[in-house]
Structures are given as C-alpha cells and as structure tokens.
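Asks: data.tsv is reproduced below (TSV, C-alpha atoms).
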chain	number	residue	atom	x	y	z
U	17	MET	CA	93.98	-33.35	63.90
U	18	ALA	CA	90.76	-34.56	62.42
U	19	GLY	CA	90.98	-37.51	60.07
U	20	PHE	CA	89.25	-37.73	56.74
U	21	SER	CA	88.34	-40.96	54.95
U	22	SER	CA	89.19	-41.17	51.30
U	23	PRO	CA	86.26	-41.78	48.95
U	24	VAL	CA	88.48	-44.12	46.99
U	25	GLN	CA	89.02	-47.47	48.69
U	26	ALA	CA	92.29	-49.23	48.04
U	27	ALA	CA	91.86	-52.58	46.35
U	28	LYS	CA	92.19	-55.50	48.71
U	29	GLU	CA	94.97	-57.98	48.23
U	30	PRO	CA	93.69	-61.14	46.51
U	31	VAL	CA	93.33	-64.41	48.37
U	32	VAL	CA	96.05	-66.49	46.70
U	33	LEU	CA	95.80	-70.28	46.93
U	34	LYS	CA	98.65	-72.50	45.81
U	35	ALA	CA	98.06	-75.90	44.21
U	36	ARG	CA	98.22	-78.71	46.77
U	37	THR	CA	97.97	-81.71	44.43
U	38	PRO	CA	98.75	-82.52	40.79
U	39	TRP	CA	95.89	-82.59	38.30
U	40	ASN	CA	93.61	-85.59	38.69
U	41	VAL	CA	92.34	-86.80	35.31
U	42	ASP	CA	89.03	-88.62	34.77
U	43	PHE	CA	88.38	-90.01	31.29
U	44	GLY	CA	84.67	-90.72	31.82
U	45	GLU	CA	82.06	-92.07	29.42
U	46	THR	CA	80.10	-88.81	29.29
U	47	LYS	CA	82.67	-86.17	30.23
U	48	CYS	CA	86.35	-85.42	30.63
U	49	ARG	CA	87.38	-83.92	33.95
U	50	LEU	CA	90.47	-82.29	35.39
U	51	ALA	CA	90.37	-81.80	39.15
U	52	ARG	CA	92.85	-80.16	41.51
U	53	THR	CA	92.90	-79.09	45.14
U	54	PHE	CA	94.35	-75.89	46.55
U	55	GLY	CA	95.13	-74.79	50.10
U	56	GLU	CA	95.37	-76.94	53.24
U	57	GLY	CA	93.03	-78.40	55.88
U	58	GLU	CA	89.92	-76.30	56.47
U	59	ASP	CA	91.23	-73.92	53.83
U	60	MET	CA	91.09	-76.61	51.13
U	61	HIS	CA	89.58	-75.56	47.80
U	62	VAL	CA	88.66	-77.47	44.65
U	63	LEU	CA	88.85	-76.60	40.95
U	64	LEU	CA	87.03	-78.74	38.38
U	65	VAL	CA	87.34	-78.29	34.62
U	66	ASP	CA	84.81	-80.40	32.68
U	67	GLN	CA	84.23	-80.99	28.98
U	68	HIS	CA	81.29	-82.99	27.65
U	69	TYR	CA	82.34	-82.70	24.00
U	70	PRO	CA	85.20	-81.19	21.96
U	71	SER	CA	85.17	-77.43	22.43
U	72	SER	CA	87.33	-74.40	23.06
U	73	GLY	CA	85.32	-73.96	26.26
U	74	ALA	CA	84.64	-75.90	29.45
U	75	SER	CA	82.45	-75.76	32.51
U	76	VAL	CA	84.46	-74.54	35.50
U	77	THR	CA	83.56	-75.23	39.13
U	78	VAL	CA	85.33	-73.72	42.14
U	79	ALA	CA	84.55	-74.36	45.80
U	80	GLY	CA	85.94	-73.57	49.22
U	81	SER	CA	85.65	-71.17	52.15
U	82	SER	CA	87.12	-68.24	50.20
U	83	PHE	CA	83.96	-68.22	48.06
U	84	LYS	CA	81.61	-68.05	51.05
U	85	ARG	CA	80.53	-64.47	50.34
U	86	PHE	CA	80.13	-65.01	46.62
U	87	THR	CA	76.54	-65.14	45.38
U	88	ASN	CA	74.80	-65.99	42.12
U	89	ARG	CA	73.02	-62.63	42.21
U	90	LYS	CA	76.19	-60.78	41.25
U	91	GLU	CA	78.30	-60.99	38.14
U	92	THR	CA	81.66	-62.59	38.81
U	93	LEU	CA	84.74	-61.12	37.16
U	94	VAL	CA	86.91	-63.93	35.80
U	95	ALA	CA	90.51	-63.62	34.58
U	96	LEU	CA	92.57	-66.22	32.76
U	97	GLY	CA	95.80	-65.19	34.43
U	98	ASP	CA	97.56	-62.36	32.65
U	99	ALA	CA	96.70	-63.89	29.28
U	100	SER	CA	93.33	-62.13	28.95
U	101	GLN	CA	91.39	-59.15	30.13
U	102	PRO	CA	88.96	-59.94	32.98
U	103	PHE	CA	85.41	-60.62	31.82
U	104	GLU	CA	82.05	-60.95	33.53
U	105	ALA	CA	80.49	-64.39	33.89
U	106	PRO	CA	77.32	-65.44	35.73
U	107	ALA	CA	77.58	-68.42	38.07
U	108	MET	CA	75.31	-70.79	39.96
U	109	LYS	CA	75.86	-71.68	43.61
U	110	ALA	CA	76.61	-75.35	44.31
U	111	GLU	CA	77.83	-77.71	47.03
U	112	LEU	CA	80.62	-80.23	46.42
U	113	GLY	CA	80.20	-82.79	49.16
U	114	ARG	CA	82.26	-81.82	52.20
U	115	ILE	CA	83.68	-78.78	50.41
U	116	SER	CA	80.99	-76.11	50.40
U	117	HIS	CA	80.55	-72.63	48.94
U	118	GLY	CA	80.85	-73.67	45.31
U	119	LEU	CA	80.30	-71.73	42.09
U	120	VAL	CA	79.56	-73.33	38.72
U	121	PHE	CA	80.35	-71.43	35.52
U	122	SER	CA	78.36	-73.18	32.81
U	123	ASN	CA	80.75	-72.51	29.94
U	124	ILE	CA	83.91	-70.45	29.88
U	125	TYR	CA	85.75	-70.15	26.58
U	126	PHE	CA	89.55	-70.17	26.60
U	127	LEU	CA	90.31	-68.18	23.48
U	128	LYS	CA	93.36	-66.20	22.48
U	129	ASP	CA	91.72	-63.81	20.04
U	130	GLN	CA	88.73	-62.64	22.05
U	131	PRO	CA	87.56	-62.36	25.67
U	132	ALA	CA	86.38	-65.62	27.16
U	133	VAL	CA	82.61	-65.61	27.35
U	134	LEU	CA	80.14	-67.67	29.30
U	135	ILE	CA	77.21	-68.96	27.32
U	136	GLU	CA	74.02	-68.43	29.30
U	137	ALA	CA	70.96	-67.93	27.19
U	138	ARG	CA	67.57	-66.60	27.62
U	139	GLU	CA	65.45	-67.04	30.73
U	140	ALA	CA	61.85	-68.10	30.66
U	141	ALA	CA	59.22	-66.37	32.77
U	142	ASP	CA	58.26	-69.14	35.18
U	143	ALA	CA	61.35	-71.31	35.47
U	144	ALA	CA	64.50	-70.13	33.81
U	145	ASN	CA	65.37	-72.49	31.03
U	146	GLU	CA	68.41	-71.10	29.30
U	147	THR	CA	69.87	-72.60	26.18
U	148	GLY	CA	73.14	-71.29	24.90
U	149	ASP	CA	75.31	-71.71	21.83
U	150	ASP	CA	72.99	-69.83	19.50
U	151	ALA	CA	75.58	-70.03	16.75
U	152	PRO	CA	76.19	-73.40	15.04
U	153	VAL	CA	78.72	-75.43	16.99
U	154	ARG	CA	82.18	-75.58	15.54
U	155	ILE	CA	82.91	-79.31	15.93
U	156	SER	CA	86.60	-79.01	15.15
U	157	ALA	CA	87.22	-76.55	17.96
U	158	GLN	CA	89.32	-77.78	20.86
U	159	LEU	CA	91.20	-76.09	23.67
U	160	ASP	CA	94.17	-74.03	22.52
U	161	ALA	CA	97.11	-75.63	24.34
U	162	GLU	CA	99.49	-72.89	23.21
U	163	PHE	CA	97.23	-70.24	24.73
U	164	GLY	CA	96.78	-72.42	27.80
U	165	ALA	CA	100.53	-72.39	28.37
U	166	ASP	CA	100.25	-68.63	28.96
U	167	ILE	CA	97.58	-69.05	31.66
U	168	GLU	CA	99.25	-69.48	35.05
U	169	TYR	CA	96.32	-68.75	37.36
U	170	LEU	CA	92.54	-68.35	37.37
U	171	SER	CA	91.04	-65.39	39.21
U	172	PHE	CA	87.48	-64.89	40.46
U	173	THR	CA	86.28	-61.52	41.79
U	174	GLN	CA	83.04	-60.22	43.29
U	175	GLY	CA	83.05	-56.70	44.67
U	176	SER	CA	86.37	-56.10	46.39
U	177	ARG	CA	87.10	-59.78	47.01
U	178	GLU	CA	89.37	-61.66	44.61
U	179	VAL	CA	90.28	-65.34	44.89
U	180	ARG	CA	93.19	-66.51	42.81
U	181	LEU	CA	94.00	-70.18	42.14
U	182	GLU	CA	97.63	-70.64	41.11
U	183	THR	CA	97.26	-73.43	38.58
U	184	GLY	CA	100.58	-73.03	36.81
U	185	PRO	CA	100.62	-73.15	32.97
U	186	LEU	CA	97.54	-74.93	31.60
U	187	GLY	CA	98.97	-76.02	28.23
U	188	GLU	CA	99.57	-79.69	29.16
U	189	ALA	CA	96.23	-79.88	30.98
U	190	PHE	CA	94.45	-78.65	27.82
U	191	GLU	CA	96.26	-81.28	25.74
U	192	VAL	CA	94.99	-83.98	28.09
U	193	LEU	CA	91.40	-82.75	27.74
U	194	ASN	CA	91.74	-82.61	23.94
U	195	THR	CA	92.91	-86.24	23.90
U	196	CYS	CA	90.01	-87.24	26.12
U	197	THR	CA	87.32	-85.52	24.03
U	198	SER	CA	88.75	-87.07	20.84
U	199	ASP	CA	88.46	-90.49	22.50
U	200	MET	CA	84.84	-89.68	23.40
U	201	LEU	CA	84.07	-88.90	19.75
U	202	ARG	CA	85.25	-92.39	18.81
U	203	GLU	CA	83.15	-93.92	21.58
U	204	TRP	CA	80.09	-92.12	20.18
U	205	GLY	CA	80.73	-93.71	16.78
U	206	PHE	CA	82.25	-90.70	15.00
U	207	ASP	CA	85.43	-90.60	12.97
U	208	VAL	CA	87.63	-87.91	14.52
U	209	GLU	CA	89.19	-86.79	11.24
U	210	THR	CA	85.78	-86.51	9.58
U	211	GLN	CA	84.54	-84.30	12.41
U	212	ARG	CA	87.62	-82.10	12.22
U	213	LEU	CA	86.71	-81.36	8.60
U	214	VAL	CA	83.25	-80.13	9.58
U	215	GLU	CA	83.09	-76.48	8.55
U	216	LYS	CA	79.60	-75.77	9.91
U	217	GLY	CA	77.80	-77.76	12.56
U	218	PRO	CA	74.09	-78.64	12.46
U	219	VAL	CA	71.75	-75.63	12.51
U	220	TRP	CA	68.63	-75.92	14.68
U	221	THR	CA	65.88	-74.31	12.63
U	222	ASN	CA	62.86	-74.57	14.98
U	223	ARG	CA	64.68	-73.69	18.20
U	224	ASP	CA	62.07	-71.26	19.55
U	225	ALA	CA	59.17	-73.68	19.27
U	226	ILE	CA	61.03	-76.60	20.91
U	227	THR	CA	62.48	-74.37	23.62
U	228	ARG	CA	58.96	-73.26	24.58
U	229	ARG	CA	57.91	-76.89	24.90
U	230	ILE	CA	60.88	-77.65	27.15
U	231	VAL	CA	60.06	-74.65	29.34
U	232	ASP	CA	56.37	-75.60	29.55
U	233	SER	CA	57.25	-79.13	30.64
U	234	TYR	CA	59.55	-78.10	33.49
U	235	PRO	CA	59.43	-81.06	35.93
U	236	ARG	CA	56.81	-80.13	38.55
U	237	ARG	CA	58.45	-82.05	41.40
U	238	ALA	CA	61.71	-80.19	40.81
U	239	LEU	CA	59.79	-76.93	40.55
U	240	ARG	CA	58.15	-77.50	43.94
U	241	ARG	CA	61.55	-78.22	45.48
U	242	GLY	CA	63.05	-75.10	43.89
U	243	GLU	CA	65.71	-77.28	42.32
U	244	SER	CA	68.18	-75.75	39.87
U	245	ALA	CA	70.61	-77.45	37.53
U	246	VAL	CA	73.05	-76.99	34.67
U	247	LEU	CA	72.79	-79.70	32.02
U	248	ARG	CA	74.54	-80.53	28.75
U	249	MET	CA	72.57	-81.86	25.80
U	250	ARG	CA	74.12	-83.69	22.85
U	251	VAL	CA	71.98	-84.51	19.80
U	252	THR	CA	73.23	-86.72	16.96
U	253	ILE	CA	72.09	-85.39	13.58
U	254	ASP	CA	72.20	-87.54	10.44
U	255	GLU	CA	73.09	-86.46	6.91
U	256	GLN	CA	69.49	-85.46	6.18
U	257	GLY	CA	69.15	-83.32	9.32
U	258	GLY	CA	67.14	-85.89	11.27
U	259	VAL	CA	67.50	-86.43	15.03
U	260	GLU	CA	69.19	-89.79	15.51
U	261	ASP	CA	69.93	-89.73	19.24
U	262	CYS	CA	69.81	-87.40	22.26
U	263	VAL	CA	71.78	-87.54	25.52
U	264	ILE	CA	71.54	-85.36	28.64
U	265	ASN	CA	74.51	-85.08	31.02
U	266	GLU	CA	74.49	-83.29	34.37
U	267	VAL	CA	77.01	-80.56	35.10
U	268	THR	CA	75.53	-80.09	38.56
U	269	GLN	CA	74.05	-82.99	40.54
U	270	THR	CA	70.29	-83.04	41.00
U	271	GLU	CA	67.91	-85.16	43.08
U	272	THR	CA	64.60	-84.98	41.25
U	273	LEU	CA	65.13	-82.88	38.13
U	274	GLU	CA	64.86	-85.07	35.04
U	275	SER	CA	64.89	-82.83	32.01
U	276	PRO	CA	62.25	-83.47	29.32
U	277	ALA	CA	64.53	-81.90	26.72
U	278	CYS	CA	65.44	-85.10	24.84
U	279	GLU	CA	61.79	-86.13	24.57
U	280	GLN	CA	60.96	-82.74	23.07
U	281	MET	CA	63.99	-82.84	20.77
U	282	GLN	CA	62.39	-85.66	18.78
U	283	GLY	CA	60.42	-82.88	17.09
U	284	ALA	CA	63.49	-80.73	16.42
U	285	GLU	CA	64.42	-79.82	12.86
U	286	PHE	CA	68.01	-79.26	11.71
U	287	GLU	CA	70.03	-78.40	8.70
U	288	PRO	CA	72.77	-81.06	8.63
U	289	ALA	CA	76.43	-80.34	9.27
U	290	VAL	CA	78.58	-79.76	6.18
U	291	ASN	CA	82.26	-80.37	5.65
U	292	VAL	CA	84.86	-78.19	3.97
U	293	VAL	CA	83.73	-79.23	0.48
U	294	GLY	CA	80.07	-78.58	1.23
U	295	GLN	CA	78.92	-82.18	1.67
U	296	PRO	CA	76.38	-82.99	4.42
U	297	VAL	CA	77.83	-85.26	7.09
U	298	ARG	CA	76.53	-87.07	10.17
U	299	SER	CA	77.56	-85.03	13.20
U	300	PHE	CA	76.16	-83.68	16.44
U	301	PHE	CA	74.71	-80.56	18.02
U	302	THR	CA	75.48	-79.53	21.61
U	303	THR	CA	74.02	-76.94	23.94
U	304	SER	CA	73.71	-76.05	27.62
U	305	ILE	CA	70.43	-76.01	29.57
U	306	THR	CA	70.18	-74.14	32.86
U	307	TYR	CA	67.15	-74.66	35.06
U	308	ARG	CA	66.87	-71.98	37.70
U	309	VAL	CA	63.85	-71.22	39.87
U	310	ASN	CA	63.61	-67.57	40.89
Translate this structure into structure tokens?
Replies:
Amino acid sequence: MAGFSSPVQAAKEPVVLKARTPWNVDFGETKCRLARTFGEGEDMHVLLVDQHYPSSGASVTVAGSSFKRFTNRKETLVALGDASQPFEAPAMKAELGRISHGLVFSNIYFLKDQPAVLIEAREAADAANETGDDAPVRISAQLDAEFGADIEYLSFTQGSREVRLETGPLGEAFEVLNTCTSDMLREWGFDVETQRLVEKGPVWTNRDAITRRIVDSYPRRALRRGESAVLRMRVTIDEQGGVEDCVINEVTQTETLESPACEQMQGAEFEPAVNVVGQPVRSFFTTSITYRVN
C-alpha cells in the first residue's frame, strides 16, 4: 500500500531542561543579576535575568547547545510558563564564555495584565541604533512577585523547536531582584519612597534630534569590526529637566564599542518627573540602545 505524508506536521516535543543549581544572586553596582544553570555536562545551559534599574521588565539571556539552531534573523516565541500567552520577541546572538549558542532578549516585561513585550526600537539605515521605552518610564514599577509565583518555566521557540527551562515559581526570585534594585536607587542618591511616588517619569522632548546624533557618531572601529551590542543608559534629570548625569551599562560584552550616547545626551532636553501631587522631582530616565551592524 502506498504511503501518503500528511501536510500537517505534528509538533515536536519540547526540549525540557531541569534546574541543576539554585539561583545565584549578584547585587552589583550597576545591575542586579539572577543566574541559574540547567542540564548536565555538555548539555549544560545558562539563564541570566538582569535588571539595571527598577522595572517590571528585565533583560533575559539564555545559552547552551539546545539553542544552536536559533538565529537572530527569526522571531523567537517566548512563553512565561502557563501564566501568559506566548509572544514574539527579537533576540541577539551572543557567546557566554565556555557556554556558546546564546540569545539575548533586550527587555522582556513580566506583566499580569498584558502580554510581555520586548522593547526594541527603531533601526537606523547604516548601523542599527535602536532606542526603546518611547513612553515615559514608570519609576515605581517593579517585578510583580505574585505574578512571578505563577511562572514555573520559561519557553523559547523558533520554528518547530522549543526549549523549556524549568525554573520553578519565580515569585521569590522577583522579590530578590526588587530588593536589589531598591538598594541601587539608594546608591545612586535617590530616596526610594520619593521615587515610588513618581507618577510620570521624565519626558525626553528632543529625542529624534539626539538619536540622529548618536547614530551618526557610531564608533568607526566597532563598525569596521561589525561589532553589535545591547546597552542600558541611565540619565539623572533634575527638578528643572536638566541632565545631571549619564551612565552607560553593557548588557552584552563588547571589545571596542564605546557608545557616544552619554556625550550626546548633554544636549538632551526633558520635562522633569512629577509626583502624585504634580510637583517636579529629581529622578531618572532609562532606555535601551542596541547597536547592530547589518
């Protein structure tokens, strides 16, 4: 009897990796990191969850042999366990030392009331300089530990291949990150309670002009090397809307790419943050910058 192939392919079983170690916590000066390994031996995988400021989102990095066929040319479908519907998120390829085949998701939001979204903003023509967070930053936002308790795994899918990291409930891990980012606020010279009362963060009013300057001053040495990077920028804004300070932190390690963004931000103009009673307050603006050479 002749056989006929079905036009509908059955979905492949996901690659399921169980946690090998407890969470490792790093309360750094510029970021808060949770790290965990999954699998054994040559099958070892890594999950990194980083926050560079208080937020309901985080940068997420995964690496290991199961991601070998994943590329940054395809959208990756991400699921926060059974607590959310899967959503598409672009990623950048990366290497993590001896553990290769990494993917970096610049910013994934862990929100109960809407799909998690990755902030990746517009690309420039020559070298992609993408700045996200077009809406004013909500300073008071932190990770929702109650929602995190409902997340028991993270899933990453491209095509028919799904890799699932069994994290267990993330509620306690989110609480740890919230404590860490509150500590960072104090280190930066901010009163935590004052920042929690911020109703609207600083609004960048000349974004387009400054963004063009940052794009035009893409570091030539990095451009020649084809070097890409994901960076975090934090700008302190005083009560009058003036730029008081600017700091760049790397999400991905780079060799020669030194962003000119902070130099250009000296010409940035902002409306100051305001608190719940409408008073301007000293606060900060944050955004992501992705340099990618096509």
Asks: Using only C-alpha atoms, find the one residue out of U:Glu45, U:His68, U:Gln174, U:Ile226 that sits nearest to Lys90 (chain U).
Replies: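 Comparing U:Glu45, U:His68, U:Gln174, U:Ile226 against Lys90 (chain U), the winner is U:Gln174.
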Asks: Which residue gives the smallest distance to Arg229 (chain U) among U:Gln282, U:Arg248, U:Glu191, U:Asp199, with all atoms listed in the file counted?
Replies: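 Of U:Gln282, U:Arg248, U:Glu191, U:Asp199, the one nearest Arg229 (chain U), counting all atoms listed in the file, is U:Gln282.
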Asks: Using all atoms listed in the file, which of the listed residues (U:Arg202, U:Arg180, U:His61, U:Arg212) sits closest to Arg114 (chain U)?
Replies: U:His61
Asks: CA of Ser122 (chain U) to CA of Thr303 (chain U): how many Å, to one decimal?
Replies: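 Computed distance, CA of Ser122 (chain U) to CA of Thr303 (chain U), equals 10.6 Å.
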Asks: Mind checking which residues fall within 10 Å of Asn88 (chain U), counting all atoms listed in the file, ignoring those fewer than 5 positions away in the same chain, and posting them as a VMD selection string?
Replies: chain U and resid 106 to 110 119 to 120
Asks: Deliver the residues from the most recent selection as a file, using C-alpha atoms, as an mmCIF file, in the frame of the given file.
Replies:
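New file result.cif:
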data_model
loop_
_atom_site.group_PDB
_atom_site.id
_atom_site.type_symbol
_atom_site.label_atom_id
_atom_site.label_comp_id
_atom_site.auth_asym_id
_atom_site.auth_seq_id
_atom_site.Cartn_x
_atom_site.Cartn_y
_atom_site.Cartn_z
ATOM 1 C CA PRO U 106 77.320 -65.440 35.730
ATOM 2 C CA ALA U 107 77.580 -68.420 38.070
ATOM 3 C CA MET U 108 75.310 -70.790 39.960
ATOM 4 C CA LYS U 109 75.860 -71.680 43.610
ATOM 5 C CA ALA U 110 76.610 -75.350 44.310
ATOM 6 C CA LEU U 119 80.300 -71.730 42.090
ATOM 7 C CA VAL U 120 79.560 -73.330 38.720
#
Asks: Just to confirm, what's the straight-line distance from CA of Val290 (chain U) to CA of Phe206 (chain U) in Å (one decimal)?
Replies: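 So the answer is 14.5 Å.
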Asks: Fewer than 2 positions away in the same chain doesn't count, so skip those; otherwise give me all residues within 12 Å of Asp254 (chain U), counting only C-alpha atoms, as a ChimeraX atom specification.
Replies: /U:206,217-218,251-252,256-261,285-290,296-301
